[in-house]
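Trainee: This is the structure I have questions about; it appears just below.
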Amino acid sequence: TLAGCSDSDVARQTVELYGFTDIAIGGYTPFGCADSDSFRTSFTARGVNGACVQGVVCSGAFKGATLRVTGPSNACPVRGPVAPQSGAR
């Protein structure tokens, strides 16, 4: 395991793949990943349900990336009221 490594590109791609928005990629985090994961990158983002969460993307050479939500977060931007969609019944 490479100590203290993060991979912001893989982390952003993984978080986007799962449909999160308002993504902020952090840096290395020592928690939340297996010993076999070389890269451990923290993030905050808004889920498809609108909730703001924090988590970690774990990845390594010759393996995929795993996204783990570790809890709620207050770090997402505040959103205004949602305008009704045209054609809604």
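Ordering of the structure tokens sets the chain letters (A, B, ...), residue numbers begin anew at 1 in every chain, and ligands are numbered from 1 in the order given.
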List every residue of chain A that DSSP, applied to the backbone of this structure, assigns to strand (DSSP E), and report them as JSON, numbers by chain.
Mentor: {"A": [21, 22, 23, 24, 25, 26, 27, 28, 39, 40, 41, 42, 43, 44, 45, 46, 52, 53, 54, 55, 56, 57, 58, 59, 65, 66, 67, 68, 69, 70, 71, 72]}
Trainee: Chain A: which residues are helix (DSSP H, G or I) by DSSP, as a ChimeraX atom specification?
Mentor: /A:8-17
Trainee: Got a sec: who's within 12 Å of A:Phe62, counting only C-alpha atoms, leaving out chain neighbours fewer than 5 positions off, as a list in words?
Mentor: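 Non-adjacent residues within range: Ser36, Asp37 and Ser38 of chain A.
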Trainee: Name all residues at most 9 Å from stretch 48-60 of chain A (count only C-alpha atoms; drop same-chain ones fewer than 4 positions away) and give them as a ChimeraX atom specification.
Mentor: /A:1,6-7,10-12,14-15,18-22,28-29,31-34,36-44,64-77
Trainee: Could the residues in this selection be written to a file with N, CA and C atoms, as a compact mmCIF listing (two decimals), in the first residue's frame?
Mentor:
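What follows is the written file again.txt:
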# COMPACT_ATOMS: atom_id res chain seq x y z
N THR A 1 0.84 -1.19 0.00
CA THR A 1 0.00 0.00 0.00
C THR A 1 0.88 1.25 0.00
N SER A 6 -3.81 9.70 -2.99
CA SER A 6 -5.18 9.86 -3.46
C SER A 6 -5.14 10.00 -4.97
N ASP A 7 -6.26 9.75 -5.62
CA ASP A 7 -6.37 9.85 -7.08
C ASP A 7 -7.64 10.63 -7.39
N VAL A 10 -9.76 9.57 -10.73
CA VAL A 10 -10.57 8.35 -10.58
C VAL A 10 -11.71 8.60 -9.61
N ALA A 11 -11.45 9.33 -8.54
CA ALA A 11 -12.50 9.62 -7.56
C ALA A 11 -13.64 10.40 -8.21
N ARG A 12 -13.33 11.45 -8.94
CA ARG A 12 -14.38 12.27 -9.58
C ARG A 12 -15.18 11.43 -10.59
N THR A 14 -15.66 8.23 -10.62
CA THR A 14 -16.47 7.25 -9.90
C THR A 14 -17.69 7.90 -9.27
N VAL A 15 -17.52 9.03 -8.62
CA VAL A 15 -18.64 9.72 -7.98
C VAL A 15 -19.65 10.17 -9.03
N TYR A 18 -21.96 7.37 -10.37
CA TYR A 18 -23.08 7.01 -9.49
C TYR A 18 -24.15 8.10 -9.43
N GLY A 19 -24.04 9.14 -10.24
CA GLY A 19 -25.09 10.15 -10.33
C GLY A 19 -25.03 11.27 -9.32
N PHE A 20 -23.93 11.39 -8.57
CA PHE A 20 -23.81 12.47 -7.60
C PHE A 20 -23.53 13.79 -8.32
N THR A 21 -23.95 14.89 -7.71
CA THR A 21 -23.69 16.23 -8.21
C THR A 21 -23.06 17.07 -7.10
N ASP A 22 -22.76 18.32 -7.39
CA ASP A 22 -22.14 19.23 -6.40
C ASP A 22 -20.93 18.56 -5.76
N TYR A 28 -6.31 12.71 0.47
CA TYR A 28 -6.12 11.40 1.09
C TYR A 28 -6.84 11.32 2.42
N THR A 29 -7.44 10.17 2.67
CA THR A 29 -8.02 9.87 3.97
C THR A 29 -7.55 8.48 4.40
N PHE A 31 -8.97 6.42 6.39
CA PHE A 31 -10.06 5.55 6.84
C PHE A 31 -10.98 5.15 5.70
N GLY A 32 -11.64 4.00 5.85
CA GLY A 32 -12.73 3.62 4.97
C GLY A 32 -12.38 2.69 3.83
N CYS A 33 -11.11 2.32 3.67
CA CYS A 33 -10.71 1.46 2.56
C CYS A 33 -9.97 0.23 3.08
N ALA A 34 -9.86 -0.76 2.22
CA ALA A 34 -9.14 -1.99 2.56
C ALA A 34 -7.63 -1.74 2.48
N SER A 36 -5.59 -3.32 0.82
CA SER A 36 -5.14 -3.54 -0.56
C SER A 36 -5.39 -2.34 -1.47
N ASP A 37 -6.11 -1.33 -0.99
CA ASP A 37 -6.38 -0.13 -1.80
C ASP A 37 -5.21 0.83 -1.70
N SER A 38 -4.62 1.16 -2.85
CA SER A 38 -3.48 2.07 -2.89
C SER A 38 -3.91 3.53 -2.76
N PHE A 39 -5.11 3.84 -3.27
CA PHE A 39 -5.58 5.22 -3.28
C PHE A 39 -6.86 5.33 -2.45
N ARG A 40 -6.93 6.39 -1.62
CA ARG A 40 -8.07 6.62 -0.73
C ARG A 40 -8.39 8.10 -0.78
N THR A 41 -9.41 8.46 -1.55
CA THR A 41 -9.70 9.87 -1.81
C THR A 41 -11.06 10.24 -1.24
N SER A 42 -11.09 11.27 -0.40
CA SER A 42 -12.34 11.71 0.22
C SER A 42 -13.13 12.60 -0.75
N PHE A 43 -14.44 12.69 -0.51
CA PHE A 43 -15.29 13.55 -1.32
C PHE A 43 -16.52 13.96 -0.52
N THR A 44 -17.16 15.03 -0.95
CA THR A 44 -18.52 15.37 -0.54
C THR A 44 -19.31 15.57 -1.82
N GLY A 64 -10.75 -2.12 -9.85
CA GLY A 64 -11.69 -1.02 -10.02
C GLY A 64 -11.69 -0.09 -8.82
N ALA A 65 -12.67 0.79 -8.83
CA ALA A 65 -12.82 1.74 -7.73
C ALA A 65 -14.11 1.42 -6.97
N THR A 66 -14.07 1.63 -5.67
CA THR A 66 -15.23 1.41 -4.81
C THR A 66 -15.59 2.73 -4.16
N LEU A 67 -16.87 3.09 -4.22
CA LEU A 67 -17.37 4.31 -3.59
C LEU A 67 -18.05 3.91 -2.28
N ARG A 68 -17.66 4.56 -1.21
CA ARG A 68 -18.28 4.31 0.10
C ARG A 68 -18.78 5.61 0.68
N VAL A 69 -20.07 5.67 0.96
CA VAL A 69 -20.65 6.83 1.63
C VAL A 69 -20.45 6.60 3.13
N THR A 70 -19.83 7.59 3.78
CA THR A 70 -19.52 7.42 5.20
C THR A 70 -20.44 8.20 6.13
N GLY A 71 -21.28 9.08 5.57
CA GLY A 71 -22.23 9.80 6.41
C GLY A 71 -22.73 11.07 5.78
N PRO A 72 -23.63 11.76 6.47
CA PRO A 72 -24.14 13.04 5.96
C PRO A 72 -23.09 14.13 6.04
N SER A 73 -23.30 15.18 5.26
CA SER A 73 -22.37 16.31 5.25
C SER A 73 -23.14 17.62 5.12
N ASN A 74 -22.57 18.69 5.63
CA ASN A 74 -23.15 20.03 5.48
C ASN A 74 -22.41 20.83 4.42
N ALA A 75 -21.50 20.20 3.68
CA ALA A 75 -20.58 20.94 2.81
C ALA A 75 -21.12 21.22 1.40
N CYS A 76 -22.27 20.70 1.02
CA CYS A 76 -22.80 20.96 -0.32
C CYS A 76 -23.38 22.37 -0.39
N PRO A 77 -23.34 22.97 -1.57
CA PRO A 77 -23.94 24.30 -1.72
C PRO A 77 -25.44 24.26 -1.45
Trainee: For a test of reading the model, state the distance in Å between atom CA of A:Val78 and atom CA of A:Ala24, rounded to one decimal.
Mentor: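 According to the coordinates, atom CA of A:Val78 and atom CA of A:Ala24 are separated by 13.9 Å.
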